[in-house]
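Novice: Handing over start16.pdb, PDB, C-alpha atoms.
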```
ATOM      1  CA  MET A   1     127.142 148.400  33.054
ATOM      2  CA  ALA A   2     126.001 150.119  36.246
ATOM      3  CA  SER A   3     122.409 148.999  35.800
ATOM      4  CA  LYS A   4     123.583 145.441  35.102
ATOM      5  CA  SER A   5     125.624 145.360  38.323
ATOM      6  CA  TRP A   6     122.727 146.779  40.335
ATOM      7  CA  LYS A   7     120.447 144.111  38.889
ATOM      8  CA  LEU A   8     122.825 141.387  40.103
ATOM      9  CA  ARG A   9     123.087 142.909  43.553
ATOM     10  CA  ARG A  10     119.298 142.968  43.830
ATOM     11  CA  LEU A  11     119.159 139.310  42.728
ATOM     12  CA  LEU A  12     121.683 138.328  45.371
ATOM     13  CA  ASN A  13     120.047 140.230  48.210
ATOM     14  CA  PRO A  14     116.716 141.884  47.308
ATOM     15  CA  ASN A  15     116.072 143.045  50.887
ATOM     16  CA  ARG A  16     119.107 145.302  51.086
ATOM     17  CA  THR A  17     119.677 148.633  49.412
ATOM     18  CA  ASN A  18     123.441 148.776  49.820
ATOM     19  CA  PRO A  19     125.743 146.860  47.451
ATOM     20  CA  LEU A  20     126.812 143.392  48.535
ATOM     21  CA  ASN A  21     130.540 142.725  48.582
ATOM     22  CA  PHE A  22     131.767 139.187  48.114
ATOM     23  CA  SER A  23     134.650 138.017  50.275
ATOM     24  CA  ILE A  24     137.103 135.419  49.016
ATOM     25  CA  SER A  25     139.955 133.548  50.690
ATOM     26  CA  ARG A  26     140.776 136.474  52.991
ATOM     27  CA  PRO A  27     137.778 138.155  54.629
ATOM     28  CA  SER A  28     139.360 141.585  54.188
ATOM     29  CA  ARG A  29     139.383 141.249  50.417
ATOM     30  CA  SER A  30     136.178 141.869  48.504
ATOM     31  CA  LEU A  31     134.846 141.229  45.036
ATOM     32  CA  ARG A  32     133.260 144.327  43.572
ATOM     33  CA  THR A  33     130.299 143.568  41.379
ATOM     34  CA  LYS A  34     130.738 146.730  39.327
ATOM     35  CA  ARG A  35     133.823 145.137  37.704
ATOM     36  CA  SER A  36     132.588 141.550  37.636
ATOM     37  CA  PHE A  37     130.571 141.146  34.494
ATOM     38  CA  ALA A  38     131.214 141.375  30.813
ATOM     39  CA  SER A  39     128.380 142.643  28.661
ATOM     40  CA  ALA A  40     126.121 139.807  27.570
ATOM     41  CA  PRO A  41     126.779 138.940  23.914
ATOM     42  CA  GLN A  42     123.931 138.957  21.452
ATOM     43  CA  SER A  43     124.828 135.829  19.551
ATOM     44  CA  ALA A  44     125.870 132.234  20.115
ATOM     45  CA  PRO A  45     128.865 130.979  18.107
ATOM     46  CA  SER A  46     128.994 127.313  17.225
ATOM     47  CA  ASP A  47     132.185 127.264  15.169
ATOM     48  CA  PRO A  48     135.083 129.744  15.143
ATOM     49  CA  SER A  49     135.086 129.892  11.364
ATOM     50  CA  ARG A  50     131.401 130.759  11.006
ATOM     51  CA  VAL A  51     129.373 133.893  11.564
ATOM     52  CA  LEU A  52     127.733 133.898  14.991
ATOM     53  CA  PRO A  53     124.129 132.587  14.905
ATOM     54  CA  PRO A  54     121.185 134.056  16.893
ATOM     55  CA  PRO A  55     121.161 134.001  20.720
ATOM     56  CA  PRO A  56     120.566 130.692  22.552
ATOM     57  CA  PRO A  57     117.082 129.803  23.819
ATOM     58  CA  GLN A  58     115.984 130.861  27.301
ATOM     59  CA  LEU A  59     117.801 128.702  29.856
ATOM     60  CA  LEU A  60     115.933 129.293  33.074
ATOM     61  CA  ASN A  61     112.715 127.399  32.418
ATOM     62  CA  ARG A  62     113.612 124.813  29.806
ATOM     63  CA  PRO A  63     111.431 121.711  30.293
ATOM     64  CA  SER A  64     113.357 118.607  31.213
ATOM     65  CA  GLN A  65     113.895 116.256  28.287
ATOM     66  CA  GLU A  66     112.738 113.289  30.359
ATOM     67  CA  ALA A  67     110.139 114.894  32.617
ATOM     68  CA  ALA A  68     107.240 113.254  30.858
ATOM     69  CA  SER A  69     108.574 109.746  31.293
ATOM     70  CA  SER A  70     110.268 109.935  34.670
ATOM     71  CA  GLY A  71     108.943 108.086  37.665
ATOM     72  CA  PRO A  72     107.613 109.451  40.962
ATOM     73  CA  GLY A  73     110.046 111.258  43.216
ATOM     74  CA  VAL A  74     110.322 112.441  46.789
ATOM     75  CA  ALA A  75     111.012 116.142  46.930
ATOM     76  CA  ARG A  76     109.114 117.461  43.899
ATOM     77  CA  GLY A  77     106.585 114.768  43.049
ATOM     78  CA  ARG A  78     108.532 113.628  39.976
ATOM     79  CA  ILE A  79     112.205 112.852  39.465
ATOM     80  CA  SER A  80     113.472 113.998  36.079
ATOM     81  CA  SER A  81     116.932 113.570  34.645
ATOM     82  CA  SER A  82     119.196 116.439  33.642
ATOM     83  CA  LEU A  83     121.516 114.073  31.769
ATOM     84  CA  ASN A  84     122.634 115.022  28.282
ATOM     85  CA  GLU A  85     123.435 111.807  26.429
ATOM     86  CA  SER A  86     125.689 113.429  23.825
ATOM     87  CA  GLU A  87     127.764 115.018  26.605
ATOM     88  CA  LEU A  88     128.052 111.669  28.403
ATOM     89  CA  LYS A  89     129.401 110.010  25.252
ATOM     90  CA  LYS A  90     131.862 112.869  24.728
ATOM     91  CA  PHE A  91     133.415 112.570  28.180
ATOM     92  CA  SER A  92     133.232 108.792  28.324
ATOM     93  CA  ALA A  93     135.593 108.713  25.348
ATOM     94  CA  ILE A  94     138.352 110.451  27.341
ATOM     95  CA  ALA A  95     137.653 108.907  30.766
ATOM     96  CA  GLU A  96     140.989 107.084  30.926
ATOM     97  CA  THR A  97     142.880 110.391  30.872
ATOM     98  CA  TRP A  98     141.503 111.828  34.139
ATOM     99  CA  TRP A  99     144.778 111.550  36.053
ATOM    100  CA  ASP A 100     147.023 112.578  33.151
ATOM    101  CA  SER A 101     147.961 116.107  34.185
ATOM    102  CA  GLU A 102     149.145 116.830  30.627
ATOM    103  CA  GLY A 103     146.081 115.320  28.942
ATOM    104  CA  PRO A 104     142.612 116.669  28.107
ATOM    105  CA  TYR A 105     141.977 117.507  31.769
ATOM    106  CA  LYS A 106     145.160 119.569  32.143
ATOM    107  CA  PRO A 107     143.160 122.829  32.680
ATOM    108  CA  LEU A 108     141.257 121.251  35.581
ATOM    109  CA  HIS A 109     144.440 119.910  37.157
ATOM    110  CA  SER A 110     146.077 123.332  37.026
ATOM    111  CA  MET A 111     142.914 125.065  38.291
ATOM    112  CA  ASN A 112     142.274 122.555  41.085
ATOM    113  CA  PRO A 113     144.446 124.134  43.825
ATOM    114  CA  THR A 114     142.646 127.461  43.330
ATOM    115  CA  ARG A 115     139.229 125.791  43.377
ATOM    116  CA  VAL A 116     140.128 123.908  46.560
ATOM    117  CA  ALA A 117     141.404 127.104  48.206
ATOM    118  CA  PHE A 118     138.099 128.887  47.600
ATOM    119  CA  ILE A 119     136.026 125.916  48.779
ATOM    120  CA  ARG A 120     138.113 125.462  51.921
ATOM    121  CA  SER A 121     137.894 129.141  52.846
ATOM    122  CA  ALA A 122     134.161 129.467  52.147
ATOM    123  CA  LEU A 123     133.231 126.318  54.058
ATOM    124  CA  CYS A 124     135.406 127.155  57.051
ATOM    125  CA  ARG A 125     133.713 130.549  57.360
ATOM    126  CA  HIS A 126     130.233 129.120  56.936
ATOM    127  CA  PHE A 127     130.627 126.187  59.327
ATOM    128  CA  GLY A 128     132.933 127.928  61.815
ATOM    129  CA  LYS A 129     135.885 125.622  61.098
ATOM    130  CA  ASP A 130     139.559 126.346  61.728
ATOM    131  CA  LEU A 131     141.083 127.363  58.401
ATOM    132  CA  SER A 132     144.612 126.704  59.674
ATOM    133  CA  SER A 133     143.850 123.121  60.684
ATOM    134  CA  ALA A 134     145.379 120.255  58.711
ATOM    135  CA  ARG A 135     141.863 118.777  58.439
ATOM    136  CA  PRO A 136     139.621 121.853  58.346
ATOM    137  CA  LEU A 137     136.599 120.043  56.873
ATOM    138  CA  GLU A 138     136.584 117.297  59.501
ATOM    139  CA  GLY A 139     133.191 115.608  59.758
ATOM    140  CA  LEU A 140     131.425 117.504  56.971
ATOM    141  CA  LYS A 141     129.377 115.300  54.654
ATOM    142  CA  ILE A 142     130.156 116.429  51.109
ATOM    143  CA  VAL A 143     128.886 115.150  47.775
ATOM    144  CA  ASP A 144     130.926 115.886  44.652
ATOM    145  CA  VAL A 145     128.391 115.760  41.797
ATOM    146  CA  GLY A 146     130.014 115.021  38.451
ATOM    147  CA  CYS A 147     133.177 113.911  40.245
ATOM    148  CA  GLY A 148     134.869 112.506  37.145
ATOM    149  CA  GLY A 149     138.068 110.720  38.134
ATOM    150  CA  GLY A 150     138.037 112.200  41.638
ATOM    151  CA  ILE A 151     140.500 115.087  41.303
ATOM    152  CA  LEU A 152     138.365 117.203  43.665
ATOM    153  CA  SER A 153     136.973 114.402  45.850
ATOM    154  CA  GLU A 154     140.448 113.321  46.962
ATOM    155  CA  PRO A 155     141.665 116.684  48.357
ATOM    156  CA  LEU A 156     138.311 117.105  50.114
ATOM    157  CA  ALA A 157     138.811 113.723  51.797
ATOM    158  CA  ARG A 158     142.350 114.686  52.809
ATOM    159  CA  MET A 159     140.896 117.760  54.527
ATOM    160  CA  GLY A 160     138.760 115.494  56.710
ATOM    161  CA  ALA A 161     135.454 115.539  54.846
ATOM    162  CA  ILE A 162     133.229 112.485  54.506
ATOM    163  CA  VAL A 163     133.068 112.433  50.719
ATOM    164  CA  THR A 164     130.631 110.875  48.285
ATOM    165  CA  GLY A 165     131.596 111.207  44.625
ATOM    166  CA  VAL A 166     128.937 110.609  41.982
ATOM    167  CA  ASP A 167     129.163 110.537  38.211
ATOM    168  CA  ALA A 168     126.875 109.269  35.473
ATOM    169  CA  ILE A 169     129.796 107.729  33.560
ATOM    170  CA  ASP A 170     130.747 104.287  34.855
ATOM    171  CA  LYS A 171     134.307 104.546  33.473
ATOM    172  CA  ASN A 172     134.904 107.666  35.547
ATOM    173  CA  ILE A 173     133.781 105.959  38.742
ATOM    174  CA  LYS A 174     135.987 102.927  38.122
ATOM    175  CA  ILE A 175     139.015 105.152  37.536
ATOM    176  CA  ALA A 176     138.214 107.253  40.613
ATOM    177  CA  ARG A 177     137.938 104.152  42.817
ATOM    178  CA  LEU A 178     141.155 102.683  41.460
ATOM    179  CA  HIS A 179     143.103 105.898  42.063
ATOM    180  CA  ALA A 180     141.629 106.455  45.539
ATOM    181  CA  GLU A 181     142.629 102.959  46.671
ATOM    182  CA  SER A 182     146.310 103.947  46.499
ATOM    183  CA  ASP A 183     145.932 106.140  49.606
ATOM    184  CA  PRO A 184     144.348 104.970  52.896
ATOM    185  CA  VAL A 185     142.839 108.428  53.412
ATOM    186  CA  THR A 186     141.120 108.644  50.027
ATOM    187  CA  SER A 187     140.116 104.969  49.986
ATOM    188  CA  SER A 188     137.233 105.923  52.293
ATOM    189  CA  ILE A 189     135.533 107.957  49.530
ATOM    190  CA  GLU A 190     132.172 106.522  48.503
ATOM    191  CA  TYR A 191     132.019 106.532  44.711
ATOM    192  CA  CYS A 192     128.704 105.845  42.969
ATOM    193  CA  CYS A 193     127.714 105.722  39.320
ATOM    194  CA  THR A 194     124.478 107.675  39.648
ATOM    195  CA  THR A 195     122.934 111.119  39.247
ATOM    196  CA  ALA A 196     121.927 113.935  41.564
ATOM    197  CA  GLU A 197     118.292 113.199  40.781
ATOM    198  CA  LYS A 198     118.673 109.566  41.826
ATOM    199  CA  LEU A 199     120.289 110.635  45.099
ATOM    200  CA  VAL A 200     117.244 112.822  45.768
ATOM    201  CA  GLU A 201     115.005 109.853  45.058
ATOM    202  CA  ASP A 202     117.055 107.856  47.579
ATOM    203  CA  GLN A 203     116.530 110.659  50.128
ATOM    204  CA  ARG A 204     120.249 111.362  50.531
ATOM    205  CA  ALA A 205     121.270 114.674  52.120
ATOM    206  CA  PHE A 206     124.625 116.381  52.704
ATOM    207  CA  ASP A 207     126.139 119.315  54.550
ATOM    208  CA  VAL A 208     127.785 120.458  51.322
ATOM    209  CA  VAL A 209     126.850 119.858  47.693
ATOM    210  CA  ILE A 210     129.490 120.653  45.054
ATOM    211  CA  ALA A 211     129.120 120.619  41.272
ATOM    212  CA  LEU A 212     132.137 122.025  39.469
ATOM    213  CA  GLU A 213     132.351 122.463  35.687
ATOM    214  CA  ILE A 214     129.256 120.307  35.195
ATOM    215  CA  ILE A 215     126.195 122.557  34.859
ATOM    216  CA  GLU A 216     127.212 123.661  31.350
ATOM    217  CA  HIS A 217     126.970 120.017  30.263
ATOM    218  CA  VAL A 218     123.520 119.110  31.645
ATOM    219  CA  ALA A 219     120.296 119.161  29.649
ATOM    220  CA  ASP A 220     118.318 121.248  32.135
ATOM    221  CA  PRO A 221     120.280 123.630  34.405
ATOM    222  CA  ALA A 222     117.222 124.707  36.416
ATOM    223  CA  GLU A 223     116.148 121.130  37.176
ATOM    224  CA  PHE A 224     119.732 120.188  37.987
ATOM    225  CA  CYS A 225     119.995 123.030  40.527
ATOM    226  CA  LYS A 226     116.722 121.964  42.138
ATOM    227  CA  SER A 227     118.223 118.528  42.668
ATOM    228  CA  LEU A 228     121.360 120.047  44.190
ATOM    229  CA  ALA A 229     119.182 122.098  46.542
ATOM    230  CA  ASP A 230     117.184 119.017  47.545
ATOM    231  CA  LEU A 231     120.446 117.261  48.423
ATOM    232  CA  THR A 232     121.576 120.156  50.630
ATOM    233  CA  ASP A 233     120.737 119.968  54.331
ATOM    234  CA  ALA A 234     119.141 122.940  56.088
ATOM    235  CA  ASN A 235     121.869 125.515  56.767
ATOM    236  CA  GLY A 236     124.075 123.592  54.358
ATOM    237  CA  ALA A 237     126.127 124.945  51.461
ATOM    238  CA  THR A 238     126.079 124.549  47.698
ATOM    239  CA  LEU A 239     128.975 125.407  45.381
ATOM    240  CA  ILE A 240     128.808 125.563  41.588
ATOM    241  CA  SER A 241     131.507 126.608  39.142
ATOM    242  CA  THR A 242     131.065 127.123  35.430
ATOM    243  CA  ILE A 243     131.964 129.385  32.495
ATOM    244  CA  ASN A 244     130.319 132.730  31.789
ATOM    245  CA  ARG A 245     128.541 133.191  28.453
ATOM    246  CA  SER A 246     130.616 136.165  27.326
ATOM    247  CA  MET A 247     132.574 136.983  24.206
ATOM    248  CA  ARG A 248     135.747 136.710  26.234
ATOM    249  CA  SER A 249     134.865 133.164  27.289
ATOM    250  CA  TYR A 250     134.201 132.238  23.666
ATOM    251  CA  ALA A 251     137.621 133.568  22.691
ATOM    252  CA  THR A 252     139.505 131.881  25.547
ATOM    253  CA  ALA A 253     137.560 128.771  26.635
ATOM    254  CA  ILE A 254     136.637 127.643  23.123
ATOM    255  CA  VAL A 255     138.750 129.260  20.380
ATOM    256  CA  ALA A 256     142.024 129.347  22.336
ATOM    257  CA  ALA A 257     141.652 126.270  24.559
ATOM    258  CA  GLU A 258     140.137 123.953  21.951
ATOM    259  CA  TYR A 259     141.336 125.228  18.561
ATOM    260  CA  ILE A 260     144.654 126.998  19.162
ATOM    261  CA  LEU A 261     146.302 125.561  22.287
ATOM    262  CA  ASN A 262     144.584 122.166  21.947
ATOM    263  CA  TRP A 263     144.188 121.932  25.706
ATOM    264  CA  LEU A 264     140.772 120.339  25.227
ATOM    265  CA  PRO A 265     139.272 118.164  22.499
ATOM    266  CA  LYS A 266     137.415 120.240  19.916
ATOM    267  CA  GLY A 267     133.727 120.402  20.796
ATOM    268  CA  THR A 268     134.242 119.985  24.541
ATOM    269  CA  HIS A 269     132.191 123.108  25.224
ATOM    270  CA  GLU A 270     129.102 124.550  23.602
ATOM    271  CA  TRP A 271     129.055 128.313  24.150
ATOM    272  CA  SER A 272     125.272 128.594  24.081
ATOM    273  CA  ARG A 273     125.089 126.323  27.161
ATOM    274  CA  PHE A 274     127.208 128.611  29.319
ATOM    275  CA  LEU A 275     125.404 130.600  32.029
ATOM    276  CA  THR A 276     126.043 134.186  33.014
ATOM    277  CA  PRO A 277     126.530 134.831  36.744
ATOM    278  CA  GLU A 278     123.159 136.582  36.837
ATOM    279  CA  GLU A 279     121.397 133.594  35.302
ATOM    280  CA  LEU A 280     123.049 131.215  37.747
ATOM    281  CA  VAL A 281     122.082 133.406  40.712
ATOM    282  CA  LEU A 282     118.470 133.504  39.540
ATOM    283  CA  ILE A 283     118.317 129.750  38.945
ATOM    284  CA  LEU A 284     119.761 129.046  42.385
ATOM    285  CA  ASN A 285     117.419 131.536  44.075
ATOM    286  CA  ARG A 286     114.470 129.761  42.500
ATOM    287  CA  ALA A 287     115.839 126.515  43.943
ATOM    288  CA  SER A 288     116.040 128.097  47.444
ATOM    289  CA  ILE A 289     119.821 128.527  47.351
ATOM    290  CA  SER A 290     120.911 132.040  48.318
ATOM    291  CA  VAL A 291     124.237 133.004  46.728
ATOM    292  CA  GLN A 292     126.577 134.547  49.305
ATOM    293  CA  GLU A 293     129.915 134.757  47.496
ATOM    294  CA  MET A 294     131.242 134.649  43.944
ATOM    295  CA  ALA A 295     134.786 134.681  42.627
ATOM    296  CA  GLY A 296     136.471 134.395  39.268
ATOM    297  CA  PHE A 297     139.329 132.113  38.255
ATOM    298  CA  VAL A 298     141.911 133.866  36.083
ATOM    299  CA  TYR A 299     144.709 132.080  34.232
ATOM    300  CA  ASN A 300     148.165 133.616  33.899
ATOM    301  CA  PRO A 301     149.831 132.165  30.771
ATOM    302  CA  LEU A 302     153.260 133.369  31.941
ATOM    303  CA  THR A 303     153.195 131.444  35.205
ATOM    304  CA  GLY A 304     150.770 128.712  34.149
ATOM    305  CA  ARG A 305     148.794 129.304  37.339
ATOM    306  CA  TRP A 306     145.228 130.226  38.211
ATOM    307  CA  THR A 307     144.330 132.851  40.813
ATOM    308  CA  LEU A 308     141.137 134.050  42.495
ATOM    309  CA  SER A 309     139.855 137.323  41.110
ATOM    310  CA  ASP A 310     136.856 139.637  40.989
ATOM    311  CA  ASP A 311     136.793 139.074  37.213
ATOM    312  CA  LEU A 312     133.846 136.773  36.492
ATOM    313  CA  SER A 313     133.965 137.167  32.719
ATOM    314  CA  VAL A 314     135.198 133.615  32.016
ATOM    315  CA  ASN A 315     135.537 131.003  34.796
ATOM    316  CA  PHE A 316     133.701 131.660  38.044
ATOM    317  CA  ILE A 317     132.391 129.919  41.166
ATOM    318  CA  ALA A 318     129.341 130.621  43.326
ATOM    319  CA  PHE A 319     128.908 129.733  46.987
ATOM    320  CA  GLY A 320     125.341 129.613  48.298
ATOM    321  CA  THR A 321     123.453 128.524  51.390
ATOM    322  CA  LYS A 322     120.195 126.603  51.678
ATOM    323  CA  SER A 323     117.281 128.937  52.269
ATOM    324  CA  SER A 324     114.440 127.925  54.572
ATOM    325  CA  ARG A 325     111.154 127.638  52.728
TER
END
```
Take the structure from the file and write it as structure tokens.
Specialist:
Amino acid sequence: MASKSWKLRRLLNPNRTNPLNFSISRPSRSLRTKRSFASAPQSAPSDPSRVLPPPPPQLLNRPSQEAASSGPGVARGRISSSLNESELKKFSAIAETWWDSEGPYKPLHSMNPTRVAFIRSALCRHFGKDLSSARPLEGLKIVDVGCGGGILSEPLARMGAIVTGVDAIDKNIKIARLHAESDPVTSSIEYCCTTAEKLVEDQRAFDVVIALEIIEHVADPAEFCKSLADLTDANGATLISTINRSMRSYATAIVAAEYILNWLPKGTHEWSRFLTPEELVLILNRASISVQEMAGFVYNPLTGRWTLSDDLSVNFIAFGTKSSR
């Protein structure tokens, strides 16, 4: 375990010899990497009733499924798509339930205040904003990639950000627009049915790029992160949340959430597509995003609430800044 933690610390900051502590919503509190990671499992379950199959293929350098046929791009010579068609069909089928807090997206609704708290705190520290302000993100240009029905885009807009929400599913965008129109503050959100790669092709850039609970559903995580980096302005910030590929995440995020509690439709997640925190850090580093902070989201079944934690074994979020090339 000690060698694993040291490896992560070196990935996060190879030029320093002392361990890197991660601060969360209060600067005085730190996340200690020595307690952050579960041991990487050696197999990839596909069904709770079956014996676990061999480990998933290497995730860091998978070729894009559409790289050979994609057209010319701006930032990398070619624009390839990280879309996974089977995942798009899966989520399109439940698009109408985005704003049903007791429906398939109930876990995201209950987690959202904790996600927003981390984002608000991290961005205020990075951009020197007043955390106590009613509109602490005033003026920041933020893109919410994989915005779904807008459950994150709307609170960002209420905090003063200039928000663009993008999603590859047209139903999601229509629902997001319809819901946002009910409030003059959120009606200013720009919703687009498009992809991160297409935004790069259009030479869009933002102060902050956010992709929450989306990277585990794309076809090519490395290519997707490159697109997020290309969308991030110099000295800008990138935030990604996902689920760790650990045995604990298999037990909770798949077996419990999908098969026992029925919080999510069966098959929502594919365990082999989850990324460990170390893998995500490495992918982002290769895309010129330097991870500065990480935090875990832990669910308390007694209170029904999520809290920030140094436990990254299931749900976690990474905050990174754009490195200069």
Novice: Evaluate the PyMOL selection byres ((chain A and resi 319) around 8) and record the selected residues as a PyMOL selection string, following the chain and residue labels used in the document.
Specialist: chain A and resi 122+237-240+291-294+317-318+320-321
Novice: Using only C-alpha atoms, which of A:Ile151, A:Val145, A:Ala222, A:Leu308 sits nearest Ile289 in chain A?
Specialist: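 Of A:Ile151, A:Val145, A:Ala222, A:Leu308, the one nearest Ile289 in chain A is A:Ala222, counting only C-alpha atoms.
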Novice: With the file shown as input, list the residues that the PyMOL selection byres ((chain A and resi 170) around 9) selects, as a PDB file with C-alpha atoms, in the coordinates of the input.
Specialist:
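Final output, saved to selection_35.pdb:
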```
ATOM      1  CA  SER A  92     133.232 108.792  28.324  1.00  0.00           C
ATOM      2  CA  ASP A 167     129.163 110.537  38.211  1.00  0.00           C
ATOM      3  CA  ALA A 168     126.875 109.269  35.473  1.00  0.00           C
ATOM      4  CA  ILE A 169     129.796 107.729  33.560  1.00  0.00           C
ATOM      5  CA  LYS A 171     134.307 104.546  33.473  1.00  0.00           C
ATOM      6  CA  ASN A 172     134.904 107.666  35.547  1.00  0.00           C
ATOM      7  CA  ILE A 173     133.781 105.959  38.742  1.00  0.00           C
ATOM      8  CA  LYS A 174     135.987 102.927  38.122  1.00  0.00           C
ATOM      9  CA  ILE A 175     139.015 105.152  37.536  1.00  0.00           C
ATOM     10  CA  CYS A 192     128.704 105.845  42.969  1.00  0.00           C
ATOM     11  CA  CYS A 193     127.714 105.722  39.320  1.00  0.00           C
ATOM     12  CA  THR A 194     124.478 107.675  39.648  1.00  0.00           C
TER      13      THR A 194
END
```
Novice: How many Å lie between CA of Asp144 in chain A and CA of Val166 in chain A, rounded to one decimal?
Specialist: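 These atoms are spaced 6.2 Å apart.
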Novice: Could you name the residues that touch Pro113 in chain A at 10 Å or less, counting only C-alpha atoms, but leaving out those on the same chain fewer than 2 positions away, as a PyMOL selection string?
Specialist: chain A and resi 108-111+115-119+152+155+305-307
Novice: For those residues, write C-alpha atoms to a file as a CSV table (one decimal), keeping the file's coordinate frame.
Specialist:
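Now in again_34.csv:
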```csv
chain,number,residue,atom,x,y,z
A,108,LEU,CA,141.3,121.3,35.6
A,109,HIS,CA,144.4,119.9,37.2
A,110,SER,CA,146.1,123.3,37.0
A,111,MET,CA,142.9,125.1,38.3
A,115,ARG,CA,139.2,125.8,43.4
A,116,VAL,CA,140.1,123.9,46.6
A,117,ALA,CA,141.4,127.1,48.2
A,118,PHE,CA,138.1,128.9,47.6
A,119,ILE,CA,136.0,125.9,48.8
A,152,LEU,CA,138.4,117.2,43.7
A,155,PRO,CA,141.7,116.7,48.4
A,305,ARG,CA,148.8,129.3,37.3
A,306,TRP,CA,145.2,130.2,38.2
A,307,THR,CA,144.3,132.9,40.8
```
Novice: Evaluating the PyMOL selection byres ((chain A and resi 277) around 9) on the displayed file yields which residues, as a list of chain:residue names?
Specialist: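 Applied to this file, the PyMOL selection byres ((chain A and resi 277) around 9) selects A:Leu8, A:Phe37, A:Ile243, A:Asn244, A:Arg245, A:Leu275, A:Thr276, A:Glu278, A:Glu279, A:Leu280, A:Val281, A:Leu282, A:Met294, A:Leu312, A:Ser313, A:Phe316, A:Ile317, A:Ala318.
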Novice: Just how far from CA of Asp100 in chain A is CA of Phe274 in chain A, in Å to one decimal?
Specialist: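 It comes out at 25.8 Å.
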Novice: Between CA of Ser249 in chain A and CA of Phe297 in chain A, measure the distance and give it in Å to one decimal.
Specialist: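 For CA of Ser249 in chain A relative to CA of Phe297 in chain A, the distance reads 11.9 Å.
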Novice: Which residue gives the smallest distance to Thr186 in chain A among A:Ile162, A:Ile283, A:Val255, A:Ala205, with all atoms listed in the file counted?
Specialist: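 Nearest candidate to Thr186 in chain A out of A:Ile162, A:Ile283, A:Val255, A:Ala205: A:Ile162.
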Novice: Taking only C-alpha atoms into account, name the residue in A:Glu270, A:Asn262, A:Thr114, A:Thr164 that is nearest to Gly296 in chain A.
Specialist: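 Among the listed residues, the smallest separation from Gly296 in chain A belongs to A:Thr114.
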Novice: Looking at A:Gly150, A:Phe224, A:Thr268, A:Asp130, which one is nearest to His179 in chain A, with distances taken over all atoms listed in the file?
Specialist: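 Of all the options, A:Gly150 lies closest to His179 in chain A.
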Novice: Which residue out of A:Gly236, A:Pro301, A:Gly149, A:Gly160 has the minimum interatomic distance to Thr252 in chain A when all atoms listed in the file are used?
Specialist: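 Nearest to Thr252 in chain A: A:Pro301.
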Novice: Which residues are close to Thr232 in chain A, i.e. within 10 Å by only C-alpha atoms, leaving aside same-chain residues fewer than 5 positions away? Reply as an MDAnalysis selection string.
Specialist: chainID A and resid 142:143 200 204:210 226:227 237:238 289 321:323
Novice: Would you list the residues near (127.9, 123.5, 30.1), meaning any protein, DNA or RNA residue with an atom at most 12 Å from that point in file coordinates, counting only C-alpha atoms, as a ChimeraX atom specification?
Specialist: /A:59,82-84,87-88,211-221,224,240-245,253-254,267-276,280,315
Novice: Store the residues picked out above, limited to C-alpha atoms, as a compact mmCIF listing (two decimals), keeping the file's coordinate frame.
Specialist:
```
# COMPACT_ATOMS: atom_id res chain seq x y z
CA LEU A 59 117.80 128.70 29.86
CA SER A 82 119.20 116.44 33.64
CA LEU A 83 121.52 114.07 31.77
CA ASN A 84 122.63 115.02 28.28
CA GLU A 87 127.76 115.02 26.60
CA LEU A 88 128.05 111.67 28.40
CA ALA A 211 129.12 120.62 41.27
CA LEU A 212 132.14 122.02 39.47
CA GLU A 213 132.35 122.46 35.69
CA ILE A 214 129.26 120.31 35.20
CA ILE A 215 126.20 122.56 34.86
CA GLU A 216 127.21 123.66 31.35
CA HIS A 217 126.97 120.02 30.26
CA VAL A 218 123.52 119.11 31.64
CA ALA A 219 120.30 119.16 29.65
CA ASP A 220 118.32 121.25 32.14
CA PRO A 221 120.28 123.63 34.40
CA PHE A 224 119.73 120.19 37.99
CA ILE A 240 128.81 125.56 41.59
CA SER A 241 131.51 126.61 39.14
CA THR A 242 131.06 127.12 35.43
CA ILE A 243 131.96 129.38 32.49
CA ASN A 244 130.32 132.73 31.79
CA ARG A 245 128.54 133.19 28.45
CA ALA A 253 137.56 128.77 26.64
CA ILE A 254 136.64 127.64 23.12
CA GLY A 267 133.73 120.40 20.80
CA THR A 268 134.24 119.98 24.54
CA HIS A 269 132.19 123.11 25.22
CA GLU A 270 129.10 124.55 23.60
CA TRP A 271 129.06 128.31 24.15
CA SER A 272 125.27 128.59 24.08
CA ARG A 273 125.09 126.32 27.16
CA PHE A 274 127.21 128.61 29.32
CA LEU A 275 125.40 130.60 32.03
CA THR A 276 126.04 134.19 33.01
CA LEU A 280 123.05 131.22 37.75
CA ASN A 315 135.54 131.00 34.80
```
Novice: Using the file's own x, y and z axes, so that the box edges lie along x, y and z, what centre and edge lengths in Å (one decimal) does a box around every listed atom of range 300-318 of chain A get when 6 Å is added on each side? Give it as JSON.
Specialist:
```
{"center_x": 141.3, "center_y": 134.2, "center_z": 37.0, "size_x": 35.9, "size_y": 22.9, "size_z": 24.6}
```
